[in-house]
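So this block is coords.cif, mmCIF, C-alpha atoms:
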```
data_model
#
loop_
_atom_site.label_atom_id
_atom_site.label_comp_id
_atom_site.auth_asym_id
_atom_site.auth_seq_id
_atom_site.Cartn_x
_atom_site.Cartn_y
_atom_site.Cartn_z
CA MET A 1486 110.54 31.11 55.78
CA SER A 1487 107.09 32.65 56.16
CA VAL A 1488 105.61 33.69 59.48
CA VAL A 1489 102.10 34.85 60.26
CA LEU A 1490 101.67 37.08 63.31
CA LEU A 1491 98.21 37.54 64.79
CA ILE A 1492 97.80 40.89 66.53
CA GLY A 1493 94.72 41.24 68.68
CA THR A 1494 93.88 44.83 69.55
CA GLY A 1495 91.22 46.82 71.32
CA LYS A 1496 89.53 47.51 67.99
CA GLY A 1497 90.10 44.47 65.85
CA LEU A 1498 92.46 41.74 64.68
CA PHE A 1499 95.40 42.40 62.40
CA VAL A 1500 97.23 39.66 60.55
CA ALA A 1501 100.87 40.41 59.74
CA ARG A 1502 102.80 38.21 57.35
CA SER A 1503 106.48 38.01 56.55
CA ASP A 1504 107.79 36.01 53.60
CA ASP A 1505 111.42 37.01 53.94
CA SER A 1506 112.48 35.33 57.19
CA ARG A 1507 110.89 37.96 59.43
CA LYS A 1508 112.64 40.99 57.92
CA THR A 1509 109.63 42.84 56.50
CA TRP A 1510 105.92 42.52 57.23
CA ASP A 1511 102.65 43.17 55.47
CA VAL A 1512 99.85 44.02 57.87
CA SER A 1513 96.20 43.42 57.02
CA GLU A 1514 93.35 45.81 57.53
CA ALA A 1515 91.38 45.41 60.74
CA LEU A 1516 89.41 42.18 60.90
CA PHE A 1517 86.47 42.05 63.31
CA PRO A 1518 86.65 45.87 63.47
CA MET A 1519 85.50 47.56 66.65
CA THR A 1520 85.80 44.40 68.70
CA GLY A 1521 88.30 43.75 71.44
CA VAL A 1522 90.40 40.74 70.44
CA TYR A 1523 91.64 39.56 73.81
CA ALA A 1524 92.73 36.08 72.75
CA VAL A 1525 94.39 34.66 69.68
CA GLY A 1526 95.59 31.10 69.41
CA VAL A 1527 97.48 28.88 67.00
CA ASP A 1528 96.76 25.17 66.78
CA PRO A 1529 99.61 23.63 64.76
CA ARG A 1530 98.47 20.02 64.96
CA GLY A 1531 96.45 19.67 61.76
CA GLU A 1532 97.59 19.57 58.15
CA ARG A 1533 97.30 23.36 58.17
CA PRO A 1534 97.50 25.43 61.33
CA ARG A 1535 94.14 26.47 62.71
CA LEU A 1536 94.00 30.02 64.00
CA LEU A 1537 91.55 31.00 66.73
CA ALA A 1538 90.38 34.39 67.90
CA GLY A 1539 88.33 35.40 70.91
CA VAL A 1540 86.52 38.58 69.93
CA SER A 1541 84.38 40.74 72.18
CA SER A 1542 82.00 43.40 70.98
CA SER A 1543 80.99 45.87 73.65
CA HIS A 1544 77.56 45.88 72.03
CA PHE A 1545 77.07 42.35 70.76
CA GLY A 1546 79.01 40.19 73.17
CA PRO A 1547 81.81 37.66 72.88
CA SER A 1548 82.46 35.08 70.20
CA VAL A 1549 85.13 32.67 68.98
CA ALA A 1550 86.17 32.56 65.33
CA THR A 1551 88.50 30.16 63.53
CA SER A 1552 90.57 30.33 60.35
CA ASP A 1553 92.07 27.44 58.41
CA ASP A 1554 93.79 29.57 55.77
CA LEU A 1555 96.23 31.50 57.97
CA GLY A 1556 93.86 34.32 58.71
CA VAL A 1557 92.57 35.17 55.25
CA THR A 1558 89.00 34.03 56.00
CA TRP A 1559 87.35 33.39 59.35
CA GLN A 1560 84.36 31.32 60.39
CA GLU A 1561 81.97 31.68 63.30
CA PRO A 1562 79.35 29.14 64.29
CA ASP A 1563 75.71 30.26 64.20
CA GLY A 1564 75.22 29.34 67.83
CA PRO A 1565 77.60 30.39 70.56
CA ALA A 1566 80.87 28.46 70.57
CA LEU A 1567 81.12 29.12 74.28
CA ALA A 1568 78.19 29.53 76.64
CA PHE A 1569 77.64 28.99 80.32
CA PRO A 1570 75.01 26.33 81.04
CA ALA A 1571 71.62 27.59 82.22
CA ASP A 1572 72.06 26.23 85.76
CA THR A 1573 75.10 28.45 86.37
CA ASP A 1574 73.02 31.62 85.90
CA THR A 1575 76.19 33.13 84.49
CA SER A 1576 76.90 34.82 81.18
CA LEU A 1577 80.16 34.78 79.29
CA GLU A 1578 81.82 38.18 79.38
CA ARG A 1579 85.04 37.65 77.46
CA VAL A 1580 87.39 34.98 76.14
CA TRP A 1581 90.91 35.59 77.44
CA GLN A 1582 92.82 32.54 76.25
CA LEU A 1583 92.61 29.91 73.50
CA THR A 1584 95.13 27.08 73.83
CA PRO A 1585 95.42 23.85 71.84
CA GLY A 1586 95.58 20.61 73.80
CA PRO A 1587 98.28 17.94 73.67
CA ALA A 1588 99.31 16.17 70.48
CA ASP A 1589 97.46 12.96 71.30
CA ARG A 1590 94.16 14.83 71.71
CA PRO A 1591 93.59 16.19 68.21
CA GLY A 1592 90.76 18.66 68.19
CA ARG A 1593 91.12 19.51 71.86
CA VAL A 1594 91.24 23.23 72.55
CA TYR A 1595 90.96 24.96 75.92
CA ALA A 1596 89.44 28.38 76.52
CA GLY A 1597 89.98 30.55 79.58
CA VAL A 1598 87.24 33.07 80.11
CA GLN A 1599 85.81 35.87 82.21
CA PRO A 1600 84.31 35.27 84.75
CA SER A 1601 87.00 32.78 85.73
CA ALA A 1602 86.15 29.48 84.11
CA LEU A 1603 87.77 26.90 81.89
CA PHE A 1604 86.06 25.48 78.82
CA VAL A 1605 87.16 22.55 76.68
CA SER A 1606 86.47 21.76 73.04
CA ASP A 1607 87.07 18.47 71.24
CA ASP A 1608 86.10 19.71 67.80
CA GLY A 1609 88.91 22.17 67.19
CA GLY A 1610 87.25 25.11 68.90
CA SER A 1611 83.84 25.13 67.24
CA THR A 1612 81.94 24.18 70.40
CA PHE A 1613 83.09 24.16 74.03
CA GLU A 1614 81.84 22.74 77.30
CA LEU A 1615 82.36 24.11 80.79
CA VAL A 1616 84.91 22.23 82.93
CA ARG A 1617 82.68 21.67 85.93
CA GLY A 1618 85.41 20.51 88.26
CA LEU A 1619 87.00 23.95 88.33
CA TRP A 1620 83.76 25.91 88.15
CA GLU A 1621 82.47 24.11 91.24
CA HIS A 1622 85.73 24.53 93.17
CA PRO A 1623 85.03 25.69 96.75
CA HIS A 1624 87.55 28.52 96.34
CA ARG A 1625 85.63 30.09 93.47
CA LYS A 1626 83.47 32.35 95.63
CA ASP A 1627 86.67 33.96 96.94
CA TRP A 1628 88.34 34.57 93.59
CA GLY A 1629 88.49 38.32 93.04
CA ALA A 1630 88.50 40.64 90.09
CA GLY A 1631 91.54 42.60 89.08
CA PHE A 1632 91.41 45.80 87.12
CA GLY A 1633 91.00 43.89 83.87
CA GLY A 1634 88.22 41.69 85.22
CA GLN A 1635 88.22 38.24 86.76
CA ALA A 1636 89.46 35.71 84.26
CA ILE A 1637 91.46 32.60 83.53
CA HIS A 1638 94.17 33.95 81.26
CA THR A 1639 96.70 31.13 81.19
CA ILE A 1640 96.25 27.47 80.24
CA LEU A 1641 99.21 25.10 80.05
CA PRO A 1642 98.26 21.55 79.10
CA ASP A 1643 100.99 18.98 79.77
CA PRO A 1644 102.13 17.93 76.29
CA ALA A 1645 102.78 14.36 77.45
CA ASP A 1646 99.88 13.74 79.84
CA PRO A 1647 96.40 14.86 78.83
CA ASP A 1648 95.15 14.54 82.40
CA ARG A 1649 97.49 17.27 83.65
CA VAL A 1650 96.62 20.92 83.03
CA LEU A 1651 97.75 24.11 84.76
CA VAL A 1652 95.66 27.29 84.70
CA ALA A 1653 96.23 30.73 86.16
CA MET A 1654 93.78 33.48 86.92
CA SER A 1655 93.68 37.04 88.17
CA THR A 1656 92.95 37.01 90.95
CA GLY A 1657 93.05 33.54 92.38
CA GLY A 1658 96.44 32.32 91.22
CA VAL A 1659 97.58 28.99 89.83
CA TYR A 1660 95.50 25.80 89.92
CA ARG A 1661 96.45 22.35 88.64
CA THR A 1662 94.59 19.18 87.81
CA THR A 1663 96.13 15.74 87.44
CA ASP A 1664 92.90 13.87 86.69
CA GLY A 1665 91.67 15.49 83.51
CA GLY A 1666 89.86 18.36 85.17
CA THR A 1667 87.74 16.55 87.75
CA THR A 1668 89.63 17.98 90.71
CA TRP A 1669 91.87 21.03 90.99
CA ALA A 1670 94.34 22.17 93.63
CA ALA A 1671 95.73 25.66 94.24
CA SER A 1672 99.45 25.75 93.47
CA ASN A 1673 100.84 29.05 94.68
CA SER A 1674 103.43 28.02 97.24
CA GLY A 1675 106.05 30.77 97.38
CA VAL A 1676 104.07 33.33 95.36
CA LYS A 1677 103.44 36.51 97.30
CA ALA A 1678 100.15 38.41 97.52
CA TYR A 1679 101.42 41.60 99.16
CA PHE A 1680 97.99 43.20 98.87
CA LEU A 1681 96.36 40.71 101.27
CA PRO A 1682 96.55 40.64 105.09
CA ASP A 1683 98.25 37.25 104.80
CA PRO A 1684 100.77 37.81 102.00
CA TRP A 1685 101.40 34.06 101.56
CA PRO A 1686 97.91 32.62 101.09
CA GLU A 1687 97.01 29.27 99.59
CA PHE A 1688 95.27 31.15 96.77
CA GLY A 1689 94.22 34.68 95.91
CA GLN A 1690 97.44 35.77 94.21
CA CYS A 1691 97.21 38.09 91.24
CA VAL A 1692 99.22 36.01 88.80
CA HIS A 1693 99.67 37.86 85.52
CA LYS A 1694 101.07 35.08 83.33
CA VAL A 1695 102.72 31.64 83.49
CA ALA A 1696 104.83 30.09 80.73
CA GLY A 1697 107.12 27.15 80.17
CA SER A 1698 107.41 23.41 79.90
CA PRO A 1699 105.61 20.97 82.17
CA GLU A 1700 108.26 20.94 84.89
CA ARG A 1701 110.21 24.20 84.46
CA LEU A 1702 107.75 27.07 84.60
CA TYR A 1703 108.05 30.83 84.91
CA LEU A 1704 105.53 33.20 86.48
CA GLN A 1705 105.09 36.96 86.23
CA ASN A 1706 103.14 38.03 89.27
CA HIS A 1707 101.58 41.30 90.36
CA HIS A 1708 104.99 42.18 91.75
CA GLY A 1709 107.22 39.14 91.67
CA VAL A 1710 108.89 36.99 89.02
CA TYR A 1711 109.21 33.32 89.88
CA ARG A 1712 110.41 29.95 88.59
CA SER A 1713 109.21 26.49 89.41
CA ASP A 1714 111.25 23.37 88.73
CA ASP A 1715 108.54 20.96 89.77
CA GLY A 1716 105.61 21.77 87.56
CA GLY A 1717 104.27 24.54 89.75
CA ALA A 1718 104.29 22.80 93.12
CA ALA A 1719 106.67 25.42 94.53
CA TRP A 1720 107.89 28.77 93.26
CA THR A 1721 111.10 30.70 93.97
CA SER A 1722 111.90 34.30 93.11
CA ILE A 1723 114.12 35.05 90.12
CA ALA A 1724 113.54 38.81 90.22
CA ASP A 1725 116.83 39.91 91.77
CA GLY A 1726 118.52 40.80 88.49
CA LEU A 1727 115.59 42.74 87.08
CA PRO A 1728 115.07 46.50 87.40
CA SER A 1729 111.53 45.79 88.63
CA ASP A 1730 109.53 42.72 89.50
CA PHE A 1731 106.31 44.18 88.10
CA GLY A 1732 105.03 43.48 84.59
CA PHE A 1733 102.53 41.43 82.68
CA PRO A 1734 103.95 39.08 80.02
CA ILE A 1735 106.47 36.29 80.42
CA VAL A 1736 107.46 33.94 77.60
CA VAL A 1737 109.95 31.12 77.22
CA HIS A 1738 112.23 30.39 74.29
CA PRO A 1739 110.74 27.56 72.20
CA HIS A 1740 113.92 25.44 72.26
CA ARG A 1741 115.88 26.62 75.32
CA PRO A 1742 113.91 26.15 78.53
CA ASP A 1743 116.40 28.26 80.51
CA THR A 1744 115.79 31.31 78.31
CA VAL A 1745 112.92 33.54 79.39
CA TYR A 1746 111.71 37.03 78.47
CA VAL A 1747 109.84 39.74 80.40
CA PHE A 1748 108.92 43.40 79.92
CA PRO A 1749 109.32 45.02 83.36
CA LEU A 1750 107.24 48.02 84.41
CA LYS A 1751 108.25 50.33 87.25
CA ALA A 1752 105.57 49.28 89.73
CA ASP A 1753 101.90 48.60 90.30
CA ALA A 1754 101.38 52.29 90.96
CA MET A 1755 103.68 53.41 88.10
CA ARG A 1756 102.96 51.28 85.05
CA PHE A 1757 105.63 52.66 82.77
CA PRO A 1758 108.63 50.71 81.42
CA ALA A 1759 111.11 50.16 84.22
CA ASP A 1760 113.97 52.13 82.73
CA GLY A 1761 111.76 54.72 81.10
CA LYS A 1762 112.82 53.02 77.87
CA CYS A 1763 111.40 50.28 75.68
CA ARG A 1764 113.35 47.26 76.92
CA VAL A 1765 112.79 43.52 76.88
CA TYR A 1766 114.76 41.61 79.51
CA ARG A 1767 116.10 38.14 78.77
CA SER A 1768 117.63 35.56 81.04
CA ASP A 1769 119.61 32.67 79.56
CA ASP A 1770 120.17 30.98 82.91
CA ALA A 1771 116.63 30.42 84.14
CA GLY A 1772 116.41 33.75 85.90
CA ALA A 1773 119.78 33.92 87.69
CA THR A 1774 120.89 36.89 85.58
CA TRP A 1775 119.09 39.21 83.19
CA THR A 1776 120.13 41.24 80.15
CA ALA A 1777 118.33 44.28 78.72
CA LEU A 1778 117.58 43.91 75.02
CA ALA A 1779 117.35 47.23 73.22
CA ASP A 1780 119.00 46.97 69.80
CA GLY A 1781 116.44 48.30 67.36
CA LEU A 1782 113.91 49.36 69.98
CA PRO A 1783 113.04 53.04 70.59
CA ASP A 1784 115.74 54.80 72.59
CA THR A 1785 113.66 57.84 73.54
CA PRO A 1786 111.64 58.11 76.76
CA TYR A 1787 108.97 55.46 76.48
CA TYR A 1788 105.68 55.10 78.32
CA PRO A 1789 103.53 52.33 76.79
CA ALA A 1790 103.13 49.05 78.68
CA VAL A 1791 102.99 45.53 77.27
CA LEU A 1792 99.98 43.51 78.38
CA ARG A 1793 100.01 39.91 79.58
CA ASP A 1794 99.38 38.22 76.24
CA ALA A 1795 101.04 40.83 74.06
CA MET A 1796 104.37 38.98 73.92
CA CYS A 1797 105.05 35.63 72.25
CA THR A 1798 107.58 33.53 70.40
CA ASP A 1799 107.39 31.53 67.22
CA THR A 1800 108.83 28.02 66.90
CA ALA A 1801 111.79 28.79 64.65
CA ASP A 1802 115.44 28.54 65.66
CA PRO A 1803 116.72 31.15 66.17
CA ALA A 1804 113.41 32.10 67.66
CA GLY A 1805 111.23 34.99 66.71
CA ILE A 1806 110.21 37.08 69.70
CA TYR A 1807 107.29 39.48 69.34
CA PHE A 1808 105.58 42.08 71.45
CA GLY A 1809 102.94 44.78 71.04
CA THR A 1810 102.27 47.84 73.14
CA ARG A 1811 99.31 49.76 74.41
CA SER A 1812 100.25 52.50 71.96
CA GLY A 1813 99.76 50.17 68.99
CA GLU A 1814 103.35 49.39 68.10
CA VAL A 1815 104.51 45.85 67.35
CA TYR A 1816 108.15 44.75 67.37
CA ALA A 1817 109.76 41.52 66.23
CA SER A 1818 113.14 39.94 66.72
CA ALA A 1819 114.35 37.21 64.39
CA ASP A 1820 117.40 36.34 66.49
CA ASP A 1821 116.23 35.34 69.97
CA GLY A 1822 115.79 38.98 70.98
CA ASP A 1823 119.27 40.30 70.14
CA THR A 1824 117.95 42.79 67.56
CA TRP A 1825 114.48 44.15 66.82
CA ARG A 1826 112.47 45.61 63.94
CA GLN A 1827 109.16 47.37 63.97
CA VAL A 1828 106.35 45.31 62.44
CA ALA A 1829 103.60 47.89 62.78
CA ALA A 1830 102.76 51.20 64.42
CA HIS A 1831 99.67 53.28 65.01
CA LEU A 1832 97.42 50.28 65.56
CA PRO A 1833 94.85 50.31 68.35
CA ASP A 1834 96.16 49.16 71.72
CA VAL A 1835 97.67 45.70 71.39
CA LEU A 1836 96.06 43.09 73.66
CA CYS A 1837 97.65 39.87 72.41
CA VAL A 1838 100.00 38.42 69.81
CA ARG A 1839 100.68 34.89 68.56
CA ALA A 1840 102.97 33.73 65.74
CA VAL A 1841 103.03 30.69 63.50
CA VAL A 1842 105.72 29.58 61.06
CA ALA A 1843 103.76 28.93 57.89
CA MET B 250 49.67 37.19 63.99
CA SER B 251 52.73 38.89 62.60
CA VAL B 252 55.34 41.28 63.90
CA THR B 253 58.09 43.12 62.07
CA ILE B 254 61.67 43.41 63.27
CA LEU B 255 63.88 46.20 61.96
CA VAL B 256 67.53 45.15 61.84
CA PRO B 257 70.45 47.58 62.25
CA GLY B 258 72.94 47.60 59.41
CA VAL B 259 75.76 46.20 61.52
CA LEU B 260 73.78 43.01 62.21
CA ARG B 261 72.26 42.35 58.82
CA GLY B 262 75.02 39.90 57.96
CA ASP B 263 73.72 37.72 60.77
CA ILE B 264 70.17 37.66 59.45
CA GLU B 265 70.49 36.88 55.73
CA ASP B 266 71.32 40.51 54.84
CA GLN B 267 67.79 41.64 55.56
CA ALA B 268 66.90 45.10 56.87
CA LYS B 269 63.49 43.90 58.00
CA VAL B 270 62.17 40.47 58.91
CA ARG B 271 58.68 39.32 59.77
CA VAL B 272 57.84 36.53 62.19
CA ASP B 273 54.42 35.01 62.68
CA VAL B 274 54.42 34.87 66.43
CA GLY B 275 53.23 37.19 69.16
CA GLY B 276 52.77 37.17 72.90
CA THR B 277 55.74 38.78 74.57
CA LEU B 278 58.94 40.30 73.29
CA GLY B 279 60.81 37.35 74.76
CA GLU B 280 58.66 34.89 72.82
CA VAL B 281 59.24 36.82 69.61
CA LEU B 282 62.99 36.77 70.21
CA ASP B 283 62.83 33.03 70.91
CA GLU B 284 61.32 32.56 67.45
CA VAL B 285 64.02 34.79 66.01
CA ALA B 286 66.64 32.70 67.81
CA ALA B 287 65.29 29.50 66.31
CA ARG B 288 65.59 30.90 62.80
CA TRP B 289 68.65 33.12 63.11
CA PRO B 290 70.66 32.00 66.14
CA ARG B 291 73.67 34.18 65.38
CA PHE B 292 71.52 37.32 65.27
CA ASP B 293 69.95 36.35 68.58
CA ARG B 294 73.25 35.85 70.37
CA ARG B 295 74.35 39.31 69.27
CA ILE B 296 71.46 40.87 71.16
CA ARG B 297 70.89 38.40 74.04
CA ASP B 298 73.35 36.45 76.17
CA GLU B 299 73.16 32.72 76.83
CA GLN B 300 70.84 33.29 79.78
CA GLY B 301 68.38 35.06 77.48
CA GLN B 302 69.04 38.56 78.82
CA LEU B 303 69.31 41.54 76.51
CA ARG B 304 72.88 42.71 76.16
CA ARG B 305 73.56 45.92 78.03
CA TYR B 306 74.34 48.08 75.02
CA VAL B 307 71.60 46.82 72.75
CA ASN B 308 68.30 48.66 72.80
CA VAL B 309 65.07 47.09 71.57
CA PHE B 310 62.18 49.40 70.85
CA VAL B 311 58.60 48.08 70.80
CA ASP B 312 56.49 50.39 68.68
CA GLY B 313 58.95 53.16 69.44
CA GLU B 314 59.36 52.65 73.19
CA GLU B 315 62.55 51.13 74.58
CA CYS B 316 61.52 47.84 76.10
CA ARG B 317 63.35 48.45 79.39
CA ARG B 318 60.89 51.31 80.04
CA LEU B 319 58.05 48.89 79.47
CA SER B 320 58.19 45.35 80.83
CA GLY B 321 61.47 44.27 79.29
CA LEU B 322 61.27 40.87 77.65
CA ALA B 323 57.77 40.44 79.13
CA THR B 324 56.49 43.43 77.14
CA PRO B 325 53.32 42.42 75.25
CA VAL B 326 53.73 42.27 71.48
CA PRO B 327 50.34 42.41 69.76
CA ASP B 328 49.70 41.71 66.10
CA GLY B 329 51.29 44.30 63.83
CA THR B 330 53.93 45.48 66.31
CA GLU B 331 57.15 46.91 64.96
CA ILE B 332 60.26 45.94 66.90
CA GLN B 333 63.42 47.92 66.23
CA VAL B 334 66.85 46.75 67.37
CA LEU B 335 69.44 49.51 67.73
CA PRO B 336 72.91 49.52 69.25
CA SER B 337 73.13 52.09 72.02
CA VAL B 338 75.54 54.99 71.85
CA ALA B 339 78.56 53.58 73.65
CA GLY B 340 82.24 52.99 73.19
CA GLY B 341 85.28 55.07 72.42
#
```

Taking this structure as input, can you express it in the form of C-alpha cells?
Amino acid sequence: MSVVLLIGTGKGLFVARSDDSRKTWDVSEALFPMTGVYAVGVDPRGERPRLLAGVSSSHFGPSVATSDDLGVTWQEPDGPALAFPADTDTSLERVWQLTPGPADRPGRVYAGVQPSALFVSDDGGSTFELVRGLWEHPHRKDWGAGFGGQAIHTILPDPADPDRVLVAMSTGGVYRTTDGGTTWAASNSGVKAYFLPDPWPEFGQCVHKVAGSPERLYLQNHHGVYRSDDGGAAWTSIADGLPSDFGFPIVVHPHRPDTVYVFPLKADAMRFPADGKCRVYRSDDAGATWTALADGLPDTPYYPAVLRDAMCTDTADPAGIYFGTRSGEVYASADDGDTWRQVAAHLPDVLCVRAVVA
Amino acid sequence: MSVTILVPGVLRGDIEDQAKVRVDVGGTLGEVLDEVAARWPRFDRRIRDEQGQLRRYVNVFVDGEECRRLSGLATPVPDGTEIQVLPSVAGG
C-alpha cells in the first residue's frame, strides 16, 4: 500500500510518500517555498485523487493550487481561484480549509477562508464563488477574531444530502444549513464560551475543530471537548477523562465512529502538551474514556503544540493517524494510533496534514 | 505612450519569465496596472488584491519614488516612466 501525506507548513508544502505500508517515508523538498500552507485537501472522487493546497504568501497574497498527480506537479489558475466580489469591499486574507463535497456532486469543493466566509466550487477547485447566505448572515458583524485571525476552518458536507453542510469558525462557532447554503443557523447549544459575559451564548464560541459523520460529531473547543449525536443540534461534554479540555485538533477514525483522537494542551494560558509529554489521546467509546497513546513518541519533556488541522487520518483499515507539530516534526501511526514512527523532523512549523491512500 | 515595468526575480514566472515589460498605456499607475492585469493576470494578483489595492508588502516605485509617498495608484505615469515592483523587507 502506498500513502501520500501532504504536510502544510509555515514555509511551504512537503509531500511525504510511503510505499511500504506506512513504515518508511520519503519527504519532498519544499513546494511553494516561503508561503504559509494553511490548508491542504484531498478529493478522492475522480479517477485519480485531486490534491488541493491553500497557499499564502506574506508578500503576494493567497492562492489555491491543485495537483492531479499526487503532488508531483501543481497548477494555479491565472486569475484568482477565490476572490471576494467587488460589492463586499473585502479582500481574501487566507484559505483555511479545502473540503470536497458529497459523492453525488462531482467537482464540488468548499473553501473556508479568512475573513470568515464560505466559498463553493463546482469545477474541482479551479474557481470558487462566495456563499452569500452565510456572508450576509446577521450575526456576521459580531463574529470575532481569535489569535490566528477570523476564519472558517471546518467544513463538513453531509455525504448523503448535498443541501446540508456544517461549518465552524473562530470565533463564532458552529453554523448549519439544510437548504444548500441559502440560510444558516447557529448550532452551539451546550458549547461553552467562558470568555464571554454570558458563557452559553447562541453564537460567539471559539470552536477549534469539528469532525465526524453527519449525526455523530466531535468538537474541540477553546476549553471543552464535546460530542453531538444529532448532527450538531446539541453538544455534551466528553472531556472528563482527559488531562485537559484544551487543544486544537480532533479527528475521527475513518471506519469506527466511536473512536476519536485529540492532542490535549495544558490550558489556554499554558499551551504545552498536557502531560509535558508528546501524547495523543484516543477514545474508543465516543468520549466516555480516554487512553494516552505514546508508543514510539518522544518520551522526554515536550513543548510543541499541534494546531487545529495538523492531525488527520487516512482511509485504510487499520487506519493511519498522522500529526505534525509547531517544531516541524511529523509522526504517523499505521495501527489506529497504537504505535508511532517519525515521518519527518526539522521542517518549518506544521500547519496542516492530510493523507491519501494512493 | 509607453512605460516600462521592472519585474522582481521572484515574480518573473508569472510574467513570461521577463525581467522587464513595456506597456503602451499611460495615465495613472492604476491604469497601467489594469493593462498589466489584462495581459498577465497572475502577476497582477500577486501585487494587488481583488479590490485593486496594492498588497501591503509589495512596493511599487514610480521613477524611483515609492508610490505610497506620491498619490498611490492615482500617481501620474507620463510617457517614458519606469515602474519598479519590489517586495518589501518583511518576514522571518

**Request:** Compute the distance from (97.7, 16.8, 78.4) to each atom, counting all atoms listed in the file, keep the residues with any atom at most 9 Å away, and return them as a list in words; use the coordinates of the file.
**Result:**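 Neighbouring residues, ordered by chain and number, come to Gly1586, Pro1587, Ala1588, Asp1589, Arg1590, Leu1641, Pro1642, Asp1643, Pro1644, Ala1645, Asp1646, Pro1647, Asp1648, Arg1649, Val1650 and Gly1665 of chain A.
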
Could you write those residues out with C-alpha atoms, as a short mmCIF file (atom, residue, chain, number, x, y, z; two decimals), in the frame of the given file?
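The result, stored in result.cif:
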```
data_model
loop_
_atom_site.label_atom_id
_atom_site.label_comp_id
_atom_site.auth_asym_id
_atom_site.auth_seq_id
_atom_site.Cartn_x
_atom_site.Cartn_y
_atom_site.Cartn_z
CA GLY A 1586 95.58 20.61 73.80
CA PRO A 1587 98.28 17.94 73.67
CA ALA A 1588 99.31 16.17 70.48
CA ASP A 1589 97.46 12.96 71.30
CA ARG A 1590 94.16 14.83 71.71
CA LEU A 1641 99.21 25.10 80.05
CA PRO A 1642 98.26 21.55 79.10
CA ASP A 1643 100.99 18.98 79.77
CA PRO A 1644 102.13 17.93 76.29
CA ALA A 1645 102.78 14.36 77.45
CA ASP A 1646 99.88 13.74 79.84
CA PRO A 1647 96.40 14.86 78.83
CA ASP A 1648 95.15 14.54 82.40
CA ARG A 1649 97.49 17.27 83.65
CA VAL A 1650 96.62 20.92 83.03
CA GLY A 1665 91.67 15.49 83.51
#
```

Could you expand the PyMOL selection byres ((chain A) within 12 of (chain B)) into the explicit residues it covers here, written as a PDB file with C-alpha atoms, keeping the file's coordinate frame?
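File expr-v7.pdb, as written:
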```pdb
ATOM      1  CA  GLY A1495      91.220  46.820  71.320  1.00  0.00           C
ATOM      2  CA  LYS A1496      89.530  47.510  67.990  1.00  0.00           C
ATOM      3  CA  PHE A1517      86.470  42.050  63.310  1.00  0.00           C
ATOM      4  CA  PRO A1518      86.650  45.870  63.470  1.00  0.00           C
ATOM      5  CA  MET A1519      85.500  47.560  66.650  1.00  0.00           C
ATOM      6  CA  THR A1520      85.800  44.400  68.700  1.00  0.00           C
ATOM      7  CA  GLY A1521      88.300  43.750  71.440  1.00  0.00           C
ATOM      8  CA  SER A1541      84.380  40.740  72.180  1.00  0.00           C
ATOM      9  CA  SER A1542      82.000  43.400  70.980  1.00  0.00           C
ATOM     10  CA  SER A1543      80.990  45.870  73.650  1.00  0.00           C
ATOM     11  CA  HIS A1544      77.560  45.880  72.030  1.00  0.00           C
ATOM     12  CA  PHE A1545      77.070  42.350  70.760  1.00  0.00           C
ATOM     13  CA  GLY A1546      79.010  40.190  73.170  1.00  0.00           C
ATOM     14  CA  PRO A1547      81.810  37.660  72.880  1.00  0.00           C
ATOM     15  CA  SER A1548      82.460  35.080  70.200  1.00  0.00           C
ATOM     16  CA  GLU A1561      81.970  31.680  63.300  1.00  0.00           C
ATOM     17  CA  PRO A1562      79.350  29.140  64.290  1.00  0.00           C
ATOM     18  CA  ASP A1563      75.710  30.260  64.200  1.00  0.00           C
ATOM     19  CA  GLY A1564      75.220  29.340  67.830  1.00  0.00           C
ATOM     20  CA  PRO A1565      77.600  30.390  70.560  1.00  0.00           C
ATOM     21  CA  ALA A1566      80.870  28.460  70.570  1.00  0.00           C
ATOM     22  CA  LEU A1567      81.120  29.120  74.280  1.00  0.00           C
ATOM     23  CA  ALA A1568      78.190  29.530  76.640  1.00  0.00           C
ATOM     24  CA  PHE A1569      77.640  28.990  80.320  1.00  0.00           C
ATOM     25  CA  PRO A1570      75.010  26.330  81.040  1.00  0.00           C
ATOM     26  CA  ALA A1571      71.620  27.590  82.220  1.00  0.00           C
ATOM     27  CA  ASP A1572      72.060  26.230  85.760  1.00  0.00           C
ATOM     28  CA  THR A1573      75.100  28.450  86.370  1.00  0.00           C
ATOM     29  CA  ASP A1574      73.020  31.620  85.900  1.00  0.00           C
ATOM     30  CA  THR A1575      76.190  33.130  84.490  1.00  0.00           C
ATOM     31  CA  SER A1576      76.900  34.820  81.180  1.00  0.00           C
ATOM     32  CA  LEU A1577      80.160  34.780  79.290  1.00  0.00           C
ATOM     33  CA  GLU A1578      81.820  38.180  79.380  1.00  0.00           C
ATOM     34  CA  ARG A1579      85.040  37.650  77.460  1.00  0.00           C
ATOM     35  CA  PRO A1833      94.850  50.310  68.350  1.00  0.00           C
TER      36      PRO A1833
END
```

**Prompt:** Given the file above and the PyMOL selection byres ((chain A and resi 1806) around 8), which residues are selected, and can you give them as an NGL selection string?
**Reply:** :A and (1796-1799 or 1804-1805 or 1807-1808 or 1817-1822)

**the PyMOL selection byres ((chain A and resi 1737) around 12) applied to the shown file, residues as a PyMOL selection string** = chain A and resi 1694-1698+1701-1705+1712+1734-1736+1738-1747+1766-1772+1796-1800+1804-1807+1821-1822

**Asked** Suppose you want the space between CA of Leu1782 (chain A) and CA of Val1842 (chain A); what is it in Å?
**Response**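 Value for the CA of Leu1782 (chain A)-CA of Val1842 (chain A) distance: 23.2 Å.
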